[in-house]
Amino acid sequence: MRSGGRLRASAGALLVVAFVAASVPGAAHAADSASPAASAAPKVLRIGTTTAIDNPNIWAVNSTTEWEALNLQYDMVMKFGDTDLNAAPSLATGCDHSADFRTWTCTLRSGVKWSDGQPLTSKDVAFSYKFAIDKGFSLFSGYFPDGTTFSTPNDTTLVWKSPTPTNGPMVPAWAYVVPEHVWSKYLGASSKQITSADVVPVVSSGPYQMTSATPGQNWTFTRNPNYWGTAPAYDKIVYQLYTNQDALVQALKNGQVDIADALDGSVLPALQKLSNVTVNKVVSDWWVNLAFNFGGRGPGLPALQNLDVRKAIEMAIDKQQIVDKVYPGAAAPGQTIVRPLSKFWHLTVPTDKAIPYDPAAANALLDTAGYRLGPDGVRVDPKSGQPLVIRMPVSDDTAGSDGVGQLVAGFLKKIGITVKVQPVTAGKMYDLQQSGDFDAYIWYWSGDPDPNYQLSVFTSDQCGEGLSDGCWKNAQYDTLFAQQQTTFDQTARKAIVDQMQQLVYDQVPVVVIAYPNAIEAYRNDHVTIADRVPQPDGYILPQYSVDALLSAHPPAGDVAVDSSPGLSVWAWLLAGLVILGLVVFFVIRGRRSEDDLDRA
Amino acid sequence: MAFPSPVRSARSMAWRRRRTAFADAWSVFRHNKQALAGAIILLVAVVIALLSPLLVPPDAIDPASATGPTFAPPSLAYPLGTDNFGRSVLALVVVGTRVSLLVGIAATVGAILFGATIGIVAGYYGGGPIDRFLSTLIDWFLVIPWLVLAIVLAAILGPTLLNVIVVIAVTSWAMAARIVRSQALSVREQPYVERARALGASDAAIMVHHILPNVFPVIFAQAVLTVAIAILSETTLSILGLGDPSSISWGHIIEDAFNGGAMVNGYWWWLLPPGICIVLVTLAFTMCGYAFEEILDPRLRGLEKTG
């Protein structure tokens with residue numbers, strides 16, 4: 001599956017070289033993106049990002065920006081549709097299934113060519129799928145049930161045969177079609193040889209092809225002359241890496257980049273002051289959670305197995321306050337486990353079934369359940385006499401994790417539960433999750449637009465070495481999960497998926513704390529972008545599909561001259577540094593004059 | 001009241017000598033304006049640190065209980081404005097004094113205890129295999145870029161306050177050891193050390209009774225300077241996200257401010273106060289440290305008077 005669930009870098013980790021890098025990249029490019037575009041000069045769209053761009057090889061894709069690069073260059077058989085991310089025609093104009101859903105026949109467009117002029121046929125598709133499966137690239141192969149075979153009766157027909165019923169091509173299968181004539185020579189290679197293969201210039205079928213890559217600095221994409229769809233407005237797209245958010249915001253202000261990718265919520269106030277910057281808050285595709293340990297892997301606090309205690313915790317956490325203080329202006333309070341971006345599948349719990357924020361009711365619930373307050377203000381488990389003290393690791397790869405951890409601890413203190421916040425690295429978090437050495441933890445989930453992956457995380461199967469957060473087990477949930485997997489009618493499946501979301505919400509194996517937005521911003525005086533994926537509040541950049549970015553074009557009329565750089569922001573900082581420098585200088589000078597005398 | 005004995009014991013002579021030396025030192029210190037200013041700043045900081053639990057109720061710095069507006073600029077109600085949780089930055093800075101000083105001083109004590117011990121032993125056995133081994137160790141720690149070592153250690157040990165102290169101590173003991181060793185080398189050659197040895201004193205006794213008292217002033221001056229470095233180190237680690245996120249130090253406030261967009265949004269009140277505190281306190285320690293060096297090196301003192 002796409003991300004194994006967890007694919008986001010913490011904002012804090014990006015600050016390491018904060019000061020040094022602020023001014024370096026992109027300065028040389030400012031001129032051509034700002035100057036009124038002469039018709040001869042190529043039109044260049046510049047995108048700034050702070051997430052790593054390291055390896056342009058498709059099989060080594062790792063960061064969100066690298067995924068964007070894939071969507072710029074490669075096609076899927078069926079793509080994520082613009083309206084709700086459900087399957088829409090791409091290389092294939094459509095796919096039909098047999099009555100038992102074991103055989104699918106996809107009809108490809110004819111006359112499609114790779115950027116190097118070779119024809120793209122169904123053989124390329126079959127090769128790509130088999131290559132991903134045989135070489136164990138699980139990121140792309142997870143969409144094919146074990147034993148799936150592909151055949152190509154002619155150049156425009158692909159036939160899937162699966163031993164089990166599947167909705168495969170219509171999920172849609174998130175696997176890209178790569179050129180067989182490039183990759184067939186790697187059939188006998190190890191996965192390390194494959195991922196380290198030099199691929200630039202890339203042979204692509206999508207609107208762009210990567211023509212140069214400077215790892216860790218920038219990637220340049222040039223328009224693919226053989227693209228089968230409508231030609232995009234820009235001749236080139238350049239992704240430029242910035243080492244931190246502040247540098248990226250400055251670059252956007254100064255016009256060194258036209259679009260800023262994956263911005264942190266903290267920069268919103270600065271951006272919203274600028275009339276020539278349009279901020280795009282993307283409907284959330286991930287959520288922050290507080291997960292409880294049910295003791296399947298290692299013992300957690302027994303009291304947390306009591307539904308009343310978990311409910312009380314859900315009631316005691318002021319999600320709105322967390323949103324306001326940790327993700328100001330860029331999140332919604334969390335609720336159910338299928339993220340809001342999956343518009344079709346996401347469930348909003350009806351008001352009469354919702355568990356409202358109510359610390360007084362939470363206290364009453366705990367009182368009734370017999371958890372009396374001890375002398376030190378901490379409640380005591382009536383069975384074991386153990387105080388309710390929760391060891392709560394907080395994973396540093398979750399944006400805003402520090403703030404969420406502190407706030408949760410503060411809220412639970414008010415209902416007599418002590419929380420020991422333990423900040424840990426993501427690597428350590430995997431160890432803790434696998435060993436069950438925690439009572440509750442704060443981490444996050446993200447996944448495919450299709451809910452199957454996210455729902456699978458909560459099944460009993462995922463205890464043991466699986467993905468389950470805290471080994472919650474529920475037989476009814478497991479039955480529903482199996483049912484939704486074999487229900488191919490969208491409406492019927494949606495009803496089951498809703499029931500599952502409600503069940504998790506009622507049983508509180510996790511508290512879904514917040515749905516943070518992804519944030520993109522662009523210079524509306526440099527570029528006009530009408531579409532979003534999904535409409536109307538999704539991504540501009542090609543996280544799921546390139547369609548929104550293809551709608552980008554230079555604005556009509558005059559291209560505005562760059563606004564003045566944000567000097568005022570830096571002025572006070574500079575003043576501070578000067579004062580500091582003077583103080584240090586005087587002290588050192590005092591010393592030096594003594595040293596001079598010393599030598600004399 | 002006992003009549004003072006006309007026969008002076010060695011011990012009382014030593015004490016008298018020390019008293020005079022102290023009085024002498026104090027008079028130099030008193031007349032050094034930098035040192036006095038430094039001492040006053042430190043006194044204020046220490047008082048604030050000790051009183052911080054009384055000055056700031058715990059609820060005022062609990063993110064979940066803070067009631068203030070978020071990101072508010074300085075006002076009468078919040079003299080230094082508020083942070084992302086709506087907490088008063090003034091309260092944070094006051095509370096931060098305690099952790100920053102604690103880390104600075106604790107790390108210094110660790111570094112100096114370890115560094116001085118190594119330095120004395122190396123100096124006493126100067127030239128021998130023990131010295132060669134210890135000197136190589138000292139050199140090794142001196143040439144490793146401290147920030148890289150600190151980052152690696154902090155990442156391995158995990159972000160707790162104790163670990164931060166350990167990391168800073170481990171990365172800053174070598175300088176003290178080097179200086180103490182050179183001093184010990186010269187003390188070792190003094191006739192009274194030889195005399196003690198002739199009288200049958202063990203190596204350990206000589207180191208404790210003769211070398212240590214004589215290198216102590218150097219250790220003290222070095223310690224005061226090391227505190228300044230330790231506080232800056234704590235700040236650096238915190239800003240890099242390697243500090244203890246659950247304890248509020250000045251460095252941690254700055255890190256939060258960075259992450260909270262203080263730079264790009266111009267929330268100067270969130271960033272500058274802890275920064276100024278760090279500058280003031282490290283400056284104060286440095287000024288005091290220089291004054292102590294001067295006291296210990298009469299040559300410097302004389303020169304200043306003539307110059």
# chains A, B, ... in the order shown; residues from 1 in each chain; ligands from 1

$ select_by_dssp --residues "segment 434-525 of chain A" --states "strand (DSSP E)" --output "ChimeraX atom specification"
/A:440-446,510-516,518-523

$ write_last_selection --atoms "N, CA and C atoms" --output "compact mmCIF listing (two decimals), in the first residue's frame"
# COMPACT_ATOMS: atom_id res chain seq x y z
N ALA A 440 -0.50 4.22 26.29
CA ALA A 440 -1.21 4.90 25.22
C ALA A 440 -0.15 5.64 24.44
N TYR A 441 -0.39 5.91 23.17
CA TYR A 441 0.60 6.73 22.45
C TYR A 441 -0.04 7.67 21.46
N ILE A 442 0.76 8.68 21.06
CA ILE A 442 0.30 9.63 20.06
C ILE A 442 1.13 9.44 18.80
N TRP A 443 0.43 9.15 17.72
CA TRP A 443 1.06 8.91 16.43
C TRP A 443 0.05 9.33 15.38
N TYR A 444 0.24 8.94 14.14
CA TYR A 444 -0.71 9.37 13.13
C TYR A 444 -0.95 8.25 12.12
N TRP A 445 -2.00 8.41 11.33
CA TRP A 445 -2.31 7.47 10.25
C TRP A 445 -2.59 8.23 8.97
N SER A 446 -2.18 7.61 7.88
CA SER A 446 -2.49 8.12 6.56
C SER A 446 -2.50 6.91 5.65
N VAL A 510 -8.98 3.96 19.66
CA VAL A 510 -8.15 5.16 19.47
C VAL A 510 -9.04 6.38 19.61
N VAL A 511 -8.45 7.49 20.04
CA VAL A 511 -9.14 8.77 19.96
C VAL A 511 -8.57 9.49 18.75
N VAL A 512 -9.41 9.76 17.76
CA VAL A 512 -8.95 10.52 16.60
C VAL A 512 -8.96 11.99 17.01
N ILE A 513 -7.78 12.56 17.20
CA ILE A 513 -7.69 13.89 17.81
C ILE A 513 -7.92 15.01 16.81
N ALA A 514 -7.26 14.94 15.67
CA ALA A 514 -7.39 16.06 14.73
C ALA A 514 -7.16 15.59 13.31
N TYR A 515 -7.79 16.30 12.38
CA TYR A 515 -7.53 16.12 10.95
C TYR A 515 -6.79 17.37 10.46
N PRO A 516 -5.47 17.37 10.49
CA PRO A 516 -4.75 18.57 10.02
C PRO A 516 -4.80 18.68 8.49
N ALA A 518 -3.26 19.73 4.83
CA ALA A 518 -2.00 20.03 4.14
C ALA A 518 -2.15 21.46 3.61
N ILE A 519 -1.05 22.18 3.52
CA ILE A 519 -1.14 23.57 3.07
C ILE A 519 -0.24 23.81 1.88
N GLU A 520 -0.83 24.34 0.82
CA GLU A 520 -0.08 24.75 -0.35
C GLU A 520 -0.35 26.24 -0.55
N ALA A 521 0.55 26.92 -1.21
CA ALA A 521 0.31 28.33 -1.49
C ALA A 521 0.93 28.67 -2.84
N TYR A 522 0.30 29.58 -3.56
CA TYR A 522 0.90 29.98 -4.84
C TYR A 522 0.76 31.47 -5.07
N ARG A 523 1.65 31.99 -5.92
CA ARG A 523 1.62 33.40 -6.27
C ARG A 523 0.56 33.61 -7.33

$ interface_residues --of "chain A" --to "chain B" --cutoff "6 Å" --atoms "only C-alpha atoms" --output "VMD selection string"
chain A and resid 16 246 266 to 267 270 325 407 410 to 411 569

$ closest_residue --among "A:Asp84, A:Val394, A:Asp285, A:Thr156" --to "Gln454 of chain A" --atoms "only C-alpha atoms"
A:Asp285

$ residues_around --residues "segment 103-117 of chain A" --least-positions-apart "4" --cutoff "7 Å" --atoms "only C-alpha atoms" --output "JSON, numbers by chain"
{"A": [91, 92, 93, 94, 95, 96, 97, 98, 156, 157, 158, 159, 160, 161, 162, 203, 204, 205, 224, 225, 226, 228]}

$ write_last_selection --atoms "C-alpha atoms" --output "PDB file, in the first residue's frame"
ATOM      1  CA  LEU A  91      -4.509   5.041 -19.849  1.00  0.00           C
ATOM      2  CA  ALA A  92      -7.576   2.837 -19.906  1.00  0.00           C
ATOM      3  CA  THR A  93     -10.898   4.198 -21.039  1.00  0.00           C
ATOM      4  CA  GLY A  94     -12.628   1.694 -18.775  1.00  0.00           C
ATOM      5  CA  CYS A  95     -12.543  -1.741 -17.150  1.00  0.00           C
ATOM      6  CA  ASP A  96     -15.251  -4.412 -17.128  1.00  0.00           C
ATOM      7  CA  HIS A  97     -15.619  -7.305 -14.740  1.00  0.00           C
ATOM      8  CA  SER A  98     -16.950 -10.822 -15.063  1.00  0.00           C
ATOM      9  CA  THR A 156      -5.031  -2.251 -26.225  1.00  0.00           C
ATOM     10  CA  THR A 157      -6.522  -4.971 -24.016  1.00  0.00           C
ATOM     11  CA  LEU A 158      -5.349  -6.071 -20.598  1.00  0.00           C
ATOM     12  CA  VAL A 159      -6.983  -8.985 -18.795  1.00  0.00           C
ATOM     13  CA  TRP A 160      -6.616  -9.503 -15.026  1.00  0.00           C
ATOM     14  CA  LYS A 161      -7.369 -12.917 -13.613  1.00  0.00           C
ATOM     15  CA  SER A 162      -7.541 -13.149  -9.857  1.00  0.00           C
ATOM     16  CA  VAL A 203      11.191   7.785 -20.309  1.00  0.00           C
ATOM     17  CA  SER A 204       7.641   8.726 -19.371  1.00  0.00           C
ATOM     18  CA  SER A 205       4.115   8.631 -20.689  1.00  0.00           C
ATOM     19  CA  ASN A 224       6.706  15.304 -22.820  1.00  0.00           C
ATOM     20  CA  PRO A 225       6.200  15.949 -26.570  1.00  0.00           C
ATOM     21  CA  ASN A 226       4.301  12.659 -26.962  1.00  0.00           C
ATOM     22  CA  TRP A 228      -1.522  11.629 -25.011  1.00  0.00           C
TER      23      TRP A 228
END

$ closest_residue --among "A:Asp308, A:Asp439, A:Glu66, A:Asp358" --to "Thr51 of chain A" --atoms "only C-alpha atoms"
A:Glu66

$ residues_around --residues "Ala122 of chain B" --least-positions-apart "5" --cutoff "7 Å" --atoms "only C-alpha atoms" --output "list of chain:residue names"
B:Ile130, B:Asp131, B:Leu134, B:Ser135, B:Arg181

$ write_last_selection --atoms "N, CA and C atoms" --output "PDB file, in the first residue's frame"
ATOM      1  N   ILE B 130      50.453   6.362  31.752  1.00  0.00           N
ATOM      2  CA  ILE B 130      49.101   6.796  32.136  1.00  0.00           C
ATOM      3  C   ILE B 130      48.797   8.147  31.520  1.00  0.00           C
ATOM      4  N   ASP B 131      49.769   9.052  31.632  1.00  0.00           N
ATOM      5  CA  ASP B 131      49.587  10.391  31.073  1.00  0.00           C
ATOM      6  C   ASP B 131      49.382  10.322  29.563  1.00  0.00           C
ATOM      7  N   LEU B 134      45.856   9.131  28.929  1.00  0.00           N
ATOM      8  CA  LEU B 134      44.836  10.140  29.245  1.00  0.00           C
ATOM      9  C   LEU B 134      44.933  11.350  28.327  1.00  0.00           C
ATOM     10  N   SER B 135      46.173  11.763  28.016  1.00  0.00           N
ATOM     11  CA  SER B 135      46.335  12.924  27.142  1.00  0.00           C
ATOM     12  C   SER B 135      45.762  12.654  25.763  1.00  0.00           C
ATOM     13  N   ARG B 181      45.666  19.689  33.765  1.00  0.00           N
ATOM     14  CA  ARG B 181      46.862  18.853  33.605  1.00  0.00           C
ATOM     15  C   ARG B 181      48.124  19.718  33.535  1.00  0.00           C
TER      16      ARG B 181
END

$ closest_residue --among "B:Ala291, B:Glu234, B:Ser172, B:Ala91" --to "His31 of chain B" --atoms "only C-alpha atoms"
B:Ala291

$ residues_around --residues "Ala530 of chain A" --least-positions-apart "6" --cutoff "10 Å" --atoms "only C-alpha atoms" --output "VMD selection string"
chain A and resid 536 540 548 to 553

$ closest_residue --among "A:Lys185, A:Arg297, A:Met315, A:Thr487" --to "Ala361 of chain A" --atoms "only C-alpha atoms"
A:Met315
